[in-house]
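Text of the file model.cif, holding mmCIF, C-alpha atoms and all ligand atoms:
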```cif
data_start
loop_
_atom_site.label_atom_id
_atom_site.label_comp_id
_atom_site.auth_asym_id
_atom_site.auth_seq_id
_atom_site.Cartn_x
_atom_site.Cartn_y
_atom_site.Cartn_z
CA MET A 1 14.19 33.50 -8.35
CA ALA A 2 17.45 33.21 -6.52
CA ILE A 3 18.72 32.43 -3.08
CA ARG A 4 20.32 35.58 -1.69
CA LYS A 5 23.22 35.84 0.72
CA ILE A 6 22.13 36.52 4.31
CA ALA A 7 23.94 39.35 6.11
CA ARG A 8 25.31 38.36 9.51
CA MET A 9 25.56 40.45 12.68
CA GLY A 10 28.35 42.97 12.26
CA HIS A 11 27.42 43.87 8.69
CA PRO A 12 26.47 47.55 8.73
CA ILE A 13 23.29 47.06 6.70
CA LEU A 14 21.73 45.29 9.70
CA GLY A 15 22.17 48.42 11.80
CA GLN A 16 20.50 50.83 9.40
CA ARG A 17 16.96 52.14 9.57
CA THR A 18 15.26 51.05 6.36
CA ALA A 19 13.39 53.13 3.78
CA PRO A 20 9.73 52.62 2.85
CA VAL A 21 8.96 50.64 -0.28
CA GLN A 22 7.75 53.24 -2.79
CA ALA A 23 6.05 50.97 -5.32
CA PRO A 24 5.01 47.59 -3.87
CA ASP A 25 4.06 46.19 -7.26
CA ALA A 26 7.27 47.25 -9.02
CA PRO A 27 9.03 44.34 -10.76
CA GLU A 28 12.18 44.71 -8.65
CA VAL A 29 10.12 44.53 -5.44
CA ARG A 30 8.30 41.43 -6.71
CA ARG A 31 11.66 39.87 -7.54
CA LEU A 32 13.06 40.73 -4.12
CA ILE A 33 10.04 39.17 -2.38
CA ALA A 34 10.31 36.02 -4.50
CA ASP A 35 14.01 35.79 -3.66
CA MET A 36 13.33 36.33 0.05
CA ILE A 37 10.76 33.52 0.02
CA GLU A 38 13.26 31.20 -1.64
CA THR A 39 16.05 32.30 0.71
CA LEU A 40 13.90 31.73 3.79
CA ALA A 41 12.82 28.28 2.59
CA ASP A 42 16.45 27.36 1.93
CA ALA A 43 17.67 28.65 5.30
CA GLY A 44 14.79 27.07 7.22
CA GLY A 45 13.93 30.08 9.37
CA ILE A 46 10.61 31.55 10.49
CA GLY A 47 11.04 35.04 9.13
CA LEU A 48 13.29 37.22 7.02
CA ALA A 49 13.53 40.99 6.73
CA ALA A 50 14.82 42.76 3.62
CA PRO A 51 18.00 44.16 5.26
CA GLN A 52 19.03 40.57 5.99
CA VAL A 53 19.40 40.12 2.23
CA HIS A 54 21.18 43.47 1.83
CA GLU A 55 18.13 45.52 0.80
CA SER A 56 17.46 48.42 3.17
CA LEU A 57 13.67 48.45 2.69
CA ARG A 58 10.66 48.15 5.00
CA LEU A 59 9.67 44.67 3.93
CA MET A 60 9.44 41.37 5.79
CA ILE A 61 8.18 37.85 5.26
CA TYR A 62 7.41 35.16 7.82
CA ARG A 63 5.49 31.97 8.45
CA VAL A 64 4.55 30.64 11.87
CA PRO A 65 4.36 26.84 12.18
CA ALA A 66 1.30 25.45 13.95
CA VAL A 67 3.45 23.97 16.71
CA ARG A 68 4.54 27.49 17.73
CA ASN A 69 1.06 29.04 17.53
CA ALA A 70 -1.39 26.94 19.55
CA GLY A 71 -1.94 24.54 16.66
CA GLN A 72 -2.84 27.27 14.19
CA GLU A 73 -0.41 27.83 11.32
CA VAL A 74 0.12 31.39 10.10
CA PRO A 75 0.77 30.92 6.38
CA LEU A 76 3.53 32.72 4.53
CA THR A 77 2.86 36.43 5.02
CA VAL A 78 4.43 39.36 3.19
CA LEU A 79 4.31 42.74 4.94
CA ILE A 80 5.32 45.87 3.09
CA ASN A 81 5.87 49.08 5.09
CA PRO A 82 4.51 47.51 8.29
CA ASP A 83 3.64 49.51 11.36
CA ILE A 84 3.70 47.38 14.51
CA THR A 85 2.16 48.78 17.71
CA PRO A 86 2.23 47.05 21.12
CA LEU A 87 -1.18 46.38 22.66
CA ASP A 88 0.07 45.69 26.18
CA GLU A 89 2.49 47.18 28.70
CA GLY A 90 4.09 43.98 29.90
CA ARG A 91 6.72 41.74 28.35
CA ALA A 92 7.11 37.98 28.14
CA HIS A 93 10.45 36.20 27.70
CA ASP A 94 11.12 33.46 25.18
CA TRP A 95 14.10 32.16 23.26
CA GLU A 96 14.68 33.70 19.84
CA SER A 97 17.13 33.02 17.11
CA CYS A 98 17.92 34.84 13.90
CA LEU A 99 19.34 33.83 10.53
CA SER A 100 21.82 36.71 10.90
CA LEU A 101 23.22 35.12 14.10
CA PRO A 102 23.47 31.47 13.09
CA GLY A 103 23.74 29.00 15.94
CA LEU A 104 22.93 31.55 18.64
CA THR A 105 19.85 32.14 20.78
CA GLY A 106 18.75 34.57 23.46
CA SER A 107 15.84 35.04 25.84
CA VAL A 108 14.17 38.24 24.65
CA PRO A 109 11.41 40.25 26.34
CA ARG A 110 8.57 41.11 23.93
CA HIS A 111 5.04 42.41 24.14
CA ARG A 112 2.43 39.65 24.13
CA ALA A 113 0.15 41.36 21.63
CA VAL A 114 0.59 43.79 18.75
CA ALA A 115 -1.54 45.56 16.17
CA VAL A 116 -0.19 45.62 12.61
CA THR A 117 -0.96 47.73 9.60
CA ALA A 118 0.88 47.12 6.35
CA LEU A 119 0.53 46.78 2.61
CA ASP A 120 0.17 43.34 1.07
CA LEU A 121 1.86 41.98 -2.06
CA ASP A 122 -0.44 44.00 -4.31
CA GLY A 123 -0.06 47.19 -2.31
CA ALA A 124 -3.49 46.88 -0.66
CA PRO A 125 -3.76 47.99 2.97
CA MET A 126 -4.16 45.28 5.59
CA ALA A 127 -4.61 45.35 9.37
CA PHE A 128 -4.63 42.61 12.00
CA GLU A 129 -3.72 41.81 15.57
CA ALA A 130 -1.37 39.07 16.73
CA ARG A 131 -0.56 37.45 20.06
CA ASP A 132 2.16 35.42 21.72
CA PHE A 133 4.70 33.80 19.38
CA HIS A 134 3.13 35.40 16.30
CA ALA A 135 3.46 38.80 18.00
CA ARG A 136 7.07 37.94 18.89
CA VAL A 137 7.93 37.16 15.28
CA LEU A 138 6.43 40.47 14.17
CA GLN A 139 8.43 42.41 16.77
CA HIS A 140 11.66 40.58 15.86
CA GLU A 141 11.26 41.21 12.12
CA GLY A 142 10.01 44.74 12.75
CA ASP A 143 13.17 45.44 14.72
CA HIS A 144 15.25 44.45 11.68
CA LEU A 145 13.55 47.29 9.78
CA ASP A 146 14.78 49.72 12.45
CA GLY A 147 18.32 48.36 12.45
CA ILE A 148 17.92 46.42 15.72
CA LEU A 149 19.04 42.83 16.31
CA TYR A 150 17.66 40.79 19.22
CA PRO A 151 20.88 40.89 21.33
CA GLN A 152 20.17 44.62 21.72
CA ARG A 153 16.84 43.68 23.35
CA LEU A 154 18.25 41.32 25.98
CA ASP A 155 17.62 42.44 29.54
CA ASP A 156 19.91 39.67 30.83
CA PRO A 157 23.02 39.29 28.66
CA GLY A 158 23.64 36.00 30.46
CA GLN A 159 20.59 34.53 28.71
CA PHE A 160 22.39 34.45 25.36
CA GLY A 161 24.58 31.83 23.78
CA PHE A 162 24.91 28.95 21.40
CA VAL A 163 21.71 26.96 20.77
CA GLU A 164 23.49 23.64 21.37
CA GLU A 165 24.79 24.73 24.78
CA ILE A 166 21.58 26.40 25.94
CA ARG A 167 19.45 23.46 24.87
CA GLN A 168 21.61 21.20 27.05
CA THR A 169 21.49 23.65 29.97
CA LEU A 170 17.69 23.88 29.80
CA ALA A 171 17.41 20.09 29.52
CA ARG A 172 19.53 19.73 32.68
CA GLN A 173 17.28 22.23 34.45
CA GLY A 174 14.23 20.32 33.28
CA THR A 175 12.70 23.41 31.66
CA GLY A 176 13.71 22.79 28.07
CA SER A 177 11.83 21.01 25.35
NI NI B 201 16.22 37.99 12.68
#
```

Do you think you could lay out the structure here as structure tokens?
Ligand code: NI
Amino acid sequence: MAIRKIARMGHPILGQRTAPVQAPDAPEVRRLIADMIETLADAGGIGLAAPQVHESLRLMIYRVPAVRNAGQEVPLTVLINPDITPLDEGRAHDWESCLSLPGLTGSVPRHRAVAVTALDLDGAPMAFEARDFHARVLQHEGDHLDGILYPQRLDDPGQFGFVEEIRQTLARQGTGS
């Protein structure tokens, strides 16, 4: 396993639509997934999509801590060739950050619930539904697979900036945590 370099916003690979993984159990795919897991653990993020480590493939990993998911941890999940479909019309705003935009955060509108189909590590089909922050993570990582970064989803470009500044602003407004 190896920690891979994370592409930052501005690198063209982050703007490309990715290609499906042809053979989920191929050794190079297994190696990539192992490296992504190690890279995510090292970087301390919630999720990582393959283009963020310079591989233009439909593959993502994530883990949702209990504190962000009503006390229920979502363990490390690997999704190969995921298809993510909104289950509601509306959008909710929350602050997101991304390992490809270190130090920055933005308030991004996302659907509250999504349905997911994908292949697991062994290439077996899986399907589930997710809500709230879990659904947000899936939409954020799914966007990476379509070459979209969260600043492109902002409906108020003013709600975007450095985490340190925004945390202080929210604390002054009494709405931050
Ligand atoms: Ni991201």

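The space between atom CA of Met60 of chain A and atom CA of Ala115 of chain A spans 15.7 Å.
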
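Of the listed residues (A:Leu57, A:Lys5, A:His93, A:Leu40), A:Leu57 comes nearest to Asn81 of chain A; the distances count all atoms listed in the file.
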
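For ligand NI 201 (chain B), the neighbouring polymer residues at 8 Å or closer are A:Gly47, A:Leu48, A:Ala49, A:Gln52, A:Ser97, A:Cys98, A:Leu99, A:Ser100, A:Leu101, A:His140, A:Glu141, A:His144, A:Leu149, A:Tyr150, only C-alpha atoms and all ligand atoms being used.
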
For C-alpha atoms, I'd like the residues from the last selection saved as a CSV table (one decimal), in the frame of the given file.
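Listed below is the output, again27.csv:
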```
chain,number,residue,atom,x,y,z
A,47,GLY,CA,11.0,35.0,9.1
A,48,LEU,CA,13.3,37.2,7.0
A,49,ALA,CA,13.5,41.0,6.7
A,52,GLN,CA,19.0,40.6,6.0
A,97,SER,CA,17.1,33.0,17.1
A,98,CYS,CA,17.9,34.8,13.9
A,99,LEU,CA,19.3,33.8,10.5
A,100,SER,CA,21.8,36.7,10.9
A,101,LEU,CA,23.2,35.1,14.1
A,140,HIS,CA,11.7,40.6,15.9
A,141,GLU,CA,11.3,41.2,12.1
A,144,HIS,CA,15.2,44.4,11.7
A,149,LEU,CA,19.0,42.8,16.3
A,150,TYR,CA,17.7,40.8,19.2
```

Residue with smallest distance to Glu73 of chain A - pool A:Met1, A:Val53, A:Ala19, A:Phe133, counting all atoms listed in the file: A:Phe133

Atom CA of Leu104 of chain A to atom CA of His11 of chain A measures 16.5 Å

I'd like the neighbourhood of segment 29-32 of chain A as a PyMOL selection string, where a residue qualifies if any of its atoms comes within 8 Å (using all atoms listed in the file), though same-chain residues fewer than 4 positions away should be ignored. chain A and resi 1+23-25+36+121

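Distance check against Ala124 of chain A using only C-alpha atoms: of A:Arg63, A:Leu79, A:Arg112, A:Glu28, the minimum falls on A:Leu79.
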
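Near (22.8, 32.5, -0.9), the residues that fall inside 10 Å on the basis of all atoms listed in the file are Ala2, Ile3, Arg4, Lys5, Ile6, Ala7, Asp35, Glu38, Thr39, Asp42, Ala43 and Val53 of chain A.
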
Using only C-alpha atoms, which residues sit within 6 Å of Ile80 of chain A once same-chain residues fewer than 5 positions away are excluded, as a PyMOL selection string? chain A and resi 59+118-119

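Between atom CA of Arg167 of chain A and atom CA of Pro65 of chain A the separation is 20.0 Å.
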
What box, with edges along x, y and z, holds each listed atom of segment 75-92 of chain A when 6 Å is added on every side, and can you state its centre and edge lengths in Å to one decimal, as JSON?
```
{"center_x": 3.0, "center_y": 40.2, "center_z": 16.5, "size_x": 20.3, "size_y": 30.6, "size_z": 38.8}
```

Neighbour residues at most 8 Å from (6.7, 44.1, 29.9) (all atoms listed in the file) as a ChimeraX atom specification: /A:88-92,109-111

Would you kindly return, as a tab-separated table (two decimals) with C-alpha atoms, in the coordinates of the input, each protein, DNA or RNA residue with an atom no farther than 8 Å from any atom of Gly103 of chain A, considering all atoms listed in the file and excluding same-chain residues fewer than 4 positions away?
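So selection09.tsv came out as:
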```
chain	number	residue	atom	x	y	z
A	97	SER	CA	17.13	33.02	17.11
A	162	PHE	CA	24.91	28.95	21.40
A	163	VAL	CA	21.71	26.96	20.77
A	164	GLU	CA	23.49	23.64	21.37
```

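Candidate residues A:Arg172, A:Leu154, A:Thr77, A:Gly123 were compared for distance to Asp94 of chain A, and the nearest is A:Leu154, using only C-alpha atoms.
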
Selection near Gly161 of chain A, 8 Å with only C-alpha atoms, sequence-local residues under 2 positions removed, as an mmCIF file with C-alpha atoms, in the frame of the given file:
```cif
data_model
loop_
_atom_site.group_PDB
_atom_site.id
_atom_site.type_symbol
_atom_site.label_atom_id
_atom_site.label_comp_id
_atom_site.auth_asym_id
_atom_site.auth_seq_id
_atom_site.Cartn_x
_atom_site.Cartn_y
_atom_site.Cartn_z
ATOM 1 C CA LEU A 104 22.930 31.550 18.640
ATOM 2 C CA THR A 105 19.850 32.140 20.780
ATOM 3 C CA GLY A 106 18.750 34.570 23.460
ATOM 4 C CA GLY A 158 23.640 36.000 30.460
ATOM 5 C CA GLN A 159 20.590 34.530 28.710
ATOM 6 C CA VAL A 163 21.710 26.960 20.770
ATOM 7 C CA GLU A 165 24.790 24.730 24.780
ATOM 8 C CA ILE A 166 21.580 26.400 25.940
#
```

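If only C-alpha atoms are the atoms counted, then among A:Pro12, A:Pro102, A:Val74, A:Ala66 the closest residue to Gly44 of chain A is A:Pro102.
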
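Nearest to Ile37 of chain A of all the residues A:Pro51, A:Val137, A:Ile61, A:Glu96 is A:Ile61, counting all atoms listed in the file.
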
For Arg17 of chain A: contacts at 8 Å, only C-alpha atoms, fewer than 3 positions along chain excluded, given as a PyMOL selection string: chain A and resi 56+145-147

As an mmCIF file, in the frame of the given file, could you write out segment 70-85 of chain A once it has been completed with N, CA and C atoms?
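Once everything was written out, this is result_7.cif:
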```cif
data_model
loop_
_atom_site.group_PDB
_atom_site.id
_atom_site.type_symbol
_atom_site.label_atom_id
_atom_site.label_comp_id
_atom_site.auth_asym_id
_atom_site.auth_seq_id
_atom_site.Cartn_x
_atom_site.Cartn_y
_atom_site.Cartn_z
ATOM 1 N N ALA A 70 -0.191 27.596 19.004
ATOM 2 C CA ALA A 70 -1.390 26.940 19.550
ATOM 3 C C ALA A 70 -2.126 26.129 18.487
ATOM 4 N N GLY A 71 -1.348 25.447 17.635
ATOM 5 C CA GLY A 71 -1.940 24.540 16.660
ATOM 6 C C GLY A 71 -2.452 25.207 15.394
ATOM 7 N N GLN A 72 -2.297 26.522 15.328
ATOM 8 C CA GLN A 72 -2.840 27.270 14.190
ATOM 9 C C GLN A 72 -1.684 27.841 13.359
ATOM 10 N N GLU A 73 -1.488 27.320 12.158
ATOM 11 C CA GLU A 73 -0.410 27.830 11.320
ATOM 12 C C GLU A 73 -0.738 29.228 10.811
ATOM 13 N N VAL A 74 0.255 30.112 10.822
ATOM 14 C CA VAL A 74 0.120 31.390 10.100
ATOM 15 C C VAL A 74 0.850 31.189 8.784
ATOM 16 N N PRO A 75 0.119 31.188 7.659
ATOM 17 C CA PRO A 75 0.770 30.920 6.380
ATOM 18 C C PRO A 75 1.757 32.023 6.007
ATOM 19 N N LEU A 76 2.533 31.758 4.987
ATOM 20 C CA LEU A 76 3.530 32.720 4.530
ATOM 21 C C LEU A 76 2.881 34.093 4.340
ATOM 22 N N THR A 77 3.422 35.079 5.013
ATOM 23 C CA THR A 77 2.860 36.430 5.020
ATOM 24 C C THR A 77 3.925 37.411 4.565
ATOM 25 N N VAL A 78 3.537 38.297 3.671
ATOM 26 C CA VAL A 78 4.430 39.360 3.190
ATOM 27 C C VAL A 78 3.899 40.680 3.713
ATOM 28 N N LEU A 79 4.713 41.423 4.438
ATOM 29 C CA LEU A 79 4.310 42.740 4.940
ATOM 30 C C LEU A 79 5.223 43.805 4.356
ATOM 31 N N ILE A 80 4.597 44.750 3.680
ATOM 32 C CA ILE A 80 5.320 45.870 3.090
ATOM 33 C C ILE A 80 4.992 47.121 3.902
ATOM 34 N N ASN A 81 6.001 47.860 4.266
ATOM 35 C CA ASN A 81 5.870 49.080 5.090
ATOM 36 C C ASN A 81 5.030 48.842 6.339
ATOM 37 N N PRO A 82 5.330 47.800 7.104
ATOM 38 C CA PRO A 82 4.510 47.510 8.290
ATOM 39 C C PRO A 82 4.700 48.529 9.398
ATOM 40 N N ASP A 83 3.621 48.698 10.142
ATOM 41 C CA ASP A 83 3.640 49.510 11.360
ATOM 42 C C ASP A 83 3.157 48.581 12.471
ATOM 43 N N ILE A 84 3.988 48.370 13.474
ATOM 44 C CA ILE A 84 3.700 47.380 14.510
ATOM 45 C C ILE A 84 3.605 48.095 15.852
ATOM 46 N N THR A 85 2.414 48.041 16.476
ATOM 47 C CA THR A 85 2.160 48.780 17.710
ATOM 48 C C THR A 85 1.842 47.807 18.841
#
```
